[in-house]
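Trainee: Just dropping this structure here.
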Amino acid sequence: MDITALKIRDMRAALDKKEVSAAELADAYLTRINEIDGSLESYITVTAEEAKAAAAKAQTIIDKGEAKPLTGIPLAVKDNICTDGVKTTCSSKILENFVPPYDATVMEKLNAEGIVMLGKVSMDEFAMGGSTQTSAFKKTKNPYDLGRVPGGSSGGSAAAVSASLCAAALGSDTGGSIRQPAAFCGVTGMKPTYGRVSRYGLVAFASSLDQIGPIAKDAHDCAVILNAISGYDYHDGTSAKLDVPDFTAKIGQDIKGMKIAMPKEFYADGIDDDVRNAVTEAAKWYEKQGAVIVDCSMPSLKYAVAAYYLIASAEASSNLSRYDGIKYGHRSEVGDSYSDLVCNSRSEGFGDEVKRRILLGNYALSSGYYDAYYGKAMALKQKIREEYAEIFKGCDVILTPTAPTVAYGVNENISDPAKMYQADICTVTVNIASLPAISTTCGYDKDGMPIGMSIIGKHWDEATVIQAADAYEKQFERIPAKI
Amino acid sequence: MDIEMVRHLSNLGKLSFTDEELEKVAKEMTGIIEIMDTIKEIDIAYEPIKDNHNVYLNGLREDKAMDSFPTEKILQNAVNSESCFVVPKVVE
């Protein structure tokens with residue numbers, strides 16, 4: 001039995017029955033990371049010693065019969081989530097040596113569960129990108145084809161899960177950064193409702209859109225992690241003071257009668273035939289199980305990419321002003337004045353894509369352009385939210401492709417930022433509308449590359465999203481990456 | 001987007017580019033702005049009254065003194081001296 005290929009709940013059973021120890025489990029992953037990650041490049045930092053210590057601690061809890069669902073489970077963490085004493089780089093030179101003095105709230109919660117953190121995984125710099133190729137350190141590859149990208153920005157998380165270099169991982173999603181890499185790497189990724197999970201300790205990109213979520217081998221495992229990380233947090237005023245339900249509660253319930261909407265704009269030109277066909281076939285499967293497919297429309301989708309990039313970049317240009325080379329982060333050797341030191345530190349530390357986003361954000365917010373760009377983008381945000389509200393009057397969940405294509409080659413698109421932005425068309429509206437959504441695999445193209453579909457739910461209704469994804473996964477035969 | 005505009009925006013963002021970089025960035029930004037300009041087609045306005053963002057704002061936190069991080073932890077990632085951040089001299 002290859003224990004690294006197990007799902008979390010099977011690992012839980014194996015640990016509790018003493019078929020495997022937490023140390024053996026951690027060692028199995030660390031060995032695999034050693035063997036494979038040289039070519040995959042998913043981990044920026046491997047915390048082997050800390051993992052062994054955490055495994056020993058977890059074992060004492062297991063031995064006492066006090067294990068929680070994640071006790072002893074080896075996880076990876078996206079490198080924009082602060083980990084006390086462990087480098088958190090955001091894949092940026094500007095934070096190359098940054099060691100947070102505190103844990104993000106999600107890490108406090110996971111550590112309280114007794115997880116074994118294997119290390120920090122790569123991403124697009126400051127989560128800005130969809131390929132993990134803007135990382136200053138590890139340009140992660142796709143486990144299904146090392147010549148292709150894993151998606152992004154949580155590409156390290158998705159690739160590590162797909163290649164069984166961790167049981168599951170945390171990612172963050174500002175415009176699709178959990179769902180799209182999950183789709184590209186043939187795994188399952190969940191973006192919770194905005195406010196479900198505390199953002200305290202998540203390095204800010206666009207604060208009104210960012211949300212932490214799990215990437216795992218299936219929807220059920222995502223639910224187990226979501227159970228552990230959700231809830232109100234004193235340190236995050238936008239976290240919701242709502243009771244956290246059991247996200248596994250609806251798993252296994254009949255989907256007969258479930259209303260599934262398919263907005264036609266998500267299936268229009270620009271979506272590859274293979275992708276459209278696979279998601280449409282999945283819809284037919286749901287229909288056969290007694291679900292009701294609802295036709296609907298989202299007319300504003302064609303403006304969504306622009307609205308998203310204007311809002312996200314405006315917020316990013318403000319959030320990234322904290323990097324001055326003085327309080328923390330890269331400090332230039334050059335600069336006799338305060339102003340020169342800040343300018344040189346930022347110019348040396350930030351990569352090209354981050355600089356473009358700062359420029360775009362400043363443009364959208366600057367005098368004379370504000371109304372035409374940022375103001376209009378905020379108006380579109382309202383319109384997109386209203387269109388979702390209208391669609392949800394007639395359905396329980398919405399089904400769309402996760403990305404217009406399967407994973408592309410590592411050297412494609414990267415030189416054309418405008419083209420890269422357009423590829424986010426299927427995911428950005430979910431963040432704009434603060435909705436929960438999951439991406440799971442629904443097929444493979446002729447080259448064997450995974451195709452993802454997204455199931456979008458009503459606010460706070462993650463449980464139905466998970467129910468719908470789990471129902472499909474139970475009958476769908478996944479083809480694991482051969483790495 | 002012309003080079004002057006890129007220069008203006010980079011000044012706002014405390015970024016510097018060489019002349020060669022400025023040309024490249026101006027070209028890239030022109031392509032990006034073309035996408036952003038698609039929103040000019042639609043005639044709608046932001047209505048603050050409609051905007052609840054779906055965020056469950058829980059009211060402001062109580063204004064009370066709490067422990068913060070110890071100074072050495074706050075300074076651990078900075079060039080520092082005598083419990084202070086060090087910056088270039090700003091007054092003569």
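Just remember, in the structure tokens the first chain shown is A, the second B, etc., residues are 1-based per chain, and ligands are 1-based in the order shown.
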As a VMD selection string, please: every residue in segment 205-447 of chain A that DSSP puts in alpha helix (DSSP H).

Mentor: chain A and resid 219 to 229 273 to 288 301 to 319 338 to 349 352 to 365 376 to 392 417 to 422 428 to 432

Trainee: Which residues, written as JSON, numbers by chain, have at least one atom at most 8 Å from Asn142 of chain A, with only C-alpha atoms counted and residues fewer than 5 positions away on the same chain left out?

Mentor: {"A": [40, 147, 148, 149, 150, 151, 159, 184, 185, 407]}

Trainee: Residues at most 12 Å from Asn11 of chain B, counting only C-alpha atoms, excluding those fewer than 3 positions away in the same chain, as an NGL selection string?

Mentor: (:A and (339-340 or 342-344 or 346-347 or 355 or 358-359 or 362-363)) or (:B and (4-8 or 14-17))

Trainee: Residues of chain A were defined as contacting chain B if any atom lay at most 6 Å from it, counting only C-alpha atoms; please report them as a PyMOL selection string.

Mentor: chain A and resi 101+238+240+303+306+327-328+337-338+343+347+359+378-379+418

Trainee: Take the residues just selected and output them with N, CA and C atoms as a CSV table (one decimal), in the first residue's frame.

Mentor:
```csv
chain,number,residue,atom,x,y,z
A,101,PRO,N,6.9,36.6,12.7
A,101,PRO,CA,6.9,36.4,14.2
A,101,PRO,C,5.6,35.8,14.7
A,238,THR,N,-13.4,41.0,8.9
A,238,THR,CA,-14.3,40.6,7.9
A,238,THR,C,-14.6,39.1,8.0
A,240,ALA,N,-16.7,36.1,9.4
A,240,ALA,CA,-18.2,36.1,9.8
A,240,ALA,C,-18.4,35.5,11.2
A,303,TYR,N,-17.4,41.6,-19.0
A,303,TYR,CA,-16.7,42.7,-18.4
A,303,TYR,C,-16.0,42.3,-17.1
A,306,ALA,N,-12.0,42.6,-16.7
A,306,ALA,CA,-11.6,44.0,-16.5
A,306,ALA,C,-11.9,44.5,-15.1
A,327,LYS,N,11.0,48.0,7.5
A,327,LYS,CA,10.4,47.2,8.6
A,327,LYS,C,10.7,45.8,8.4
A,328,TYR,N,10.7,45.3,7.2
A,328,TYR,CA,11.0,43.9,6.9
A,328,TYR,C,11.2,43.8,5.4
A,337,SER,N,19.1,58.5,0.6
A,337,SER,CA,17.9,59.1,1.2
A,337,SER,C,16.8,58.1,1.5
A,338,TYR,N,15.9,58.5,2.3
A,338,TYR,CA,14.8,57.6,2.6
A,338,TYR,C,14.0,57.2,1.4
A,343,CYS,N,12.5,53.2,-2.9
A,343,CYS,CA,12.3,53.0,-4.3
A,343,CYS,C,13.3,51.9,-4.8
A,347,SER,N,12.1,48.3,-6.2
A,347,SER,CA,12.4,48.0,-7.6
A,347,SER,C,13.3,46.7,-7.7
A,359,LEU,N,1.3,49.3,-11.1
A,359,LEU,CA,1.1,50.4,-12.0
A,359,LEU,C,-0.4,50.5,-12.4
A,378,MET,N,-16.4,49.0,-9.7
A,378,MET,CA,-17.2,48.7,-8.5
A,378,MET,C,-18.7,48.7,-8.9
A,379,ALA,N,-19.1,49.4,-9.9
A,379,ALA,CA,-20.5,49.3,-10.4
A,379,ALA,C,-20.7,47.9,-11.0
A,418,ALA,N,-1.5,40.4,-21.0
A,418,ALA,CA,-2.9,40.7,-21.3
A,418,ALA,C,-3.7,39.4,-21.6
```

Trainee: Set the distance at 10 Å and use only C-alpha atoms: which residues neighbour Ala216 of chain A once local chain neighbours fewer than 3 positions away are removed? I'd like the list as a PDB file with N, CA and C atoms, in the first residue's frame.

Mentor:
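Now in part_18.pdb:
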```pdb
ATOM      1  N   LYS A   7      -6.369   9.020   0.912  1.00  0.00           N
ATOM      2  CA  LYS A   7      -7.128  10.216   1.255  1.00  0.00           C
ATOM      3  C   LYS A   7      -7.030  10.440   2.767  1.00  0.00           C
ATOM      4  N   ILE A   8      -7.358  11.653   3.180  1.00  0.00           N
ATOM      5  CA  ILE A   8      -7.159  12.001   4.585  1.00  0.00           C
ATOM      6  C   ILE A   8      -7.935  11.061   5.506  1.00  0.00           C
ATOM      7  N   LEU A  75       0.508  17.960   5.870  1.00  0.00           N
ATOM      8  CA  LEU A  75      -0.034  18.974   4.967  1.00  0.00           C
ATOM      9  C   LEU A  75       1.058  19.927   4.486  1.00  0.00           C
ATOM     10  N   SER A 157       0.759  24.218  -4.244  1.00  0.00           N
ATOM     11  CA  SER A 157      -0.190  23.445  -3.432  1.00  0.00           C
ATOM     12  C   SER A 157      -0.836  22.350  -4.280  1.00  0.00           C
ATOM     13  N   ALA A 158      -1.337  22.727  -5.450  1.00  0.00           N
ATOM     14  CA  ALA A 158      -2.060  21.771  -6.296  1.00  0.00           C
ATOM     15  C   ALA A 158      -1.123  20.682  -6.821  1.00  0.00           C
ATOM     16  N   ALA A 160       1.685  19.631  -5.483  1.00  0.00           N
ATOM     17  CA  ALA A 160       2.135  18.772  -4.378  1.00  0.00           C
ATOM     18  C   ALA A 160       1.045  17.765  -4.013  1.00  0.00           C
ATOM     19  N   VAL A 161      -0.217  18.189  -4.015  1.00  0.00           N
ATOM     20  CA  VAL A 161      -1.313  17.255  -3.716  1.00  0.00           C
ATOM     21  C   VAL A 161      -1.421  16.214  -4.835  1.00  0.00           C
ATOM     22  N   SER A 162      -1.363  16.688  -6.076  1.00  0.00           N
ATOM     23  CA  SER A 162      -1.513  15.814  -7.228  1.00  0.00           C
ATOM     24  C   SER A 162      -0.415  14.752  -7.284  1.00  0.00           C
ATOM     25  N   SER A 164       1.124  13.563  -4.743  1.00  0.00           N
ATOM     26  CA  SER A 164       1.190  12.906  -3.426  1.00  0.00           C
ATOM     27  C   SER A 164       2.460  13.282  -2.669  1.00  0.00           C
ATOM     28  N   CYS A 166       2.067  15.575  -0.349  1.00  0.00           N
ATOM     29  CA  CYS A 166       1.395  15.953   0.888  1.00  0.00           C
ATOM     30  C   CYS A 166      -0.010  15.351   0.793  1.00  0.00           C
ATOM     31  N   ALA A 167      -0.658  15.233   1.953  1.00  0.00           N
ATOM     32  CA  ALA A 167      -2.017  14.667   1.930  1.00  0.00           C
ATOM     33  C   ALA A 167      -2.996  15.679   1.360  1.00  0.00           C
ATOM     34  N   ALA A 168      -2.758  16.942   1.683  1.00  0.00           N
ATOM     35  CA  ALA A 168      -3.581  18.046   1.189  1.00  0.00           C
ATOM     36  C   ALA A 168      -2.788  19.320   1.458  1.00  0.00           C
ATOM     37  N   ALA A 169      -3.309  20.442   0.990  1.00  0.00           N
ATOM     38  CA  ALA A 169      -2.570  21.692   1.167  1.00  0.00           C
ATOM     39  C   ALA A 169      -3.526  22.857   1.346  1.00  0.00           C
ATOM     40  N   LEU A 170      -3.005  23.919   1.922  1.00  0.00           N
ATOM     41  CA  LEU A 170      -3.759  25.171   1.947  1.00  0.00           C
ATOM     42  C   LEU A 170      -3.340  26.003   0.745  1.00  0.00           C
ATOM     43  N   ALA A 182      -6.089  23.594  -9.123  1.00  0.00           N
ATOM     44  CA  ALA A 182      -6.688  22.289  -8.803  1.00  0.00           C
ATOM     45  C   ALA A 182      -7.166  21.625 -10.098  1.00  0.00           C
ATOM     46  N   VAL A 187      -6.905  17.702  -9.239  1.00  0.00           N
ATOM     47  CA  VAL A 187      -7.294  17.495  -7.851  1.00  0.00           C
ATOM     48  C   VAL A 187      -8.508  18.394  -7.536  1.00  0.00           C
ATOM     49  N   THR A 188      -8.865  18.484  -6.260  1.00  0.00           N
ATOM     50  CA  THR A 188     -10.060  19.247  -5.887  1.00  0.00           C
ATOM     51  C   THR A 188      -9.658  20.447  -5.035  1.00  0.00           C
ATOM     52  N   GLY A 189     -10.183  21.619  -5.376  1.00  0.00           N
ATOM     53  CA  GLY A 189      -9.840  22.829  -4.621  1.00  0.00           C
ATOM     54  C   GLY A 189     -11.090  23.619  -4.301  1.00  0.00           C
ATOM     55  N   MET A 190     -11.142  24.131  -3.078  1.00  0.00           N
ATOM     56  CA  MET A 190     -12.362  24.805  -2.610  1.00  0.00           C
ATOM     57  C   MET A 190     -12.077  26.220  -2.154  1.00  0.00           C
ATOM     58  N   GLY A 213      -8.291  28.551   1.416  1.00  0.00           N
ATOM     59  CA  GLY A 213      -9.098  27.336   1.284  1.00  0.00           C
ATOM     60  C   GLY A 213      -8.217  26.123   1.042  1.00  0.00           C
ATOM     61  N   ALA A 219     -13.419  16.157  -2.671  1.00  0.00           N
ATOM     62  CA  ALA A 219     -14.259  17.155  -1.995  1.00  0.00           C
ATOM     63  C   ALA A 219     -14.434  16.823  -0.511  1.00  0.00           C
ATOM     64  N   HIS A 220     -14.526  15.529  -0.207  1.00  0.00           N
ATOM     65  CA  HIS A 220     -14.706  15.114   1.191  1.00  0.00           C
ATOM     66  C   HIS A 220     -13.504  15.573   2.032  1.00  0.00           C
ATOM     67  N   ASP A 221     -12.298  15.367   1.509  1.00  0.00           N
ATOM     68  CA  ASP A 221     -11.093  15.821   2.227  1.00  0.00           C
ATOM     69  C   ASP A 221     -11.082  17.345   2.364  1.00  0.00           C
ATOM     70  N   CYS A 222     -11.539  18.043   1.329  1.00  0.00           N
ATOM     71  CA  CYS A 222     -11.628  19.514   1.422  1.00  0.00           C
ATOM     72  C   CYS A 222     -12.547  19.897   2.583  1.00  0.00           C
ATOM     73  N   ALA A 223     -13.663  19.181   2.713  1.00  0.00           N
ATOM     74  CA  ALA A 223     -14.627  19.481   3.784  1.00  0.00           C
ATOM     75  C   ALA A 223     -13.996  19.264   5.155  1.00  0.00           C
ATOM     76  N   VAL A 224     -13.198  18.225   5.281  1.00  0.00           N
ATOM     77  CA  VAL A 224     -12.551  17.930   6.569  1.00  0.00           C
ATOM     78  C   VAL A 224     -11.617  19.083   6.956  1.00  0.00           C
ATOM     79  N   ILE A 225     -10.878  19.591   5.993  1.00  0.00           N
ATOM     80  CA  ILE A 225      -9.967  20.710   6.282  1.00  0.00           C
ATOM     81  C   ILE A 225     -10.749  21.987   6.548  1.00  0.00           C
ATOM     82  N   THR A 440     -13.468  20.438  -9.364  1.00  0.00           N
ATOM     83  CA  THR A 440     -13.081  19.028  -9.342  1.00  0.00           C
ATOM     84  C   THR A 440     -12.906  18.536 -10.772  1.00  0.00           C
TER      85      THR A 440
END
```
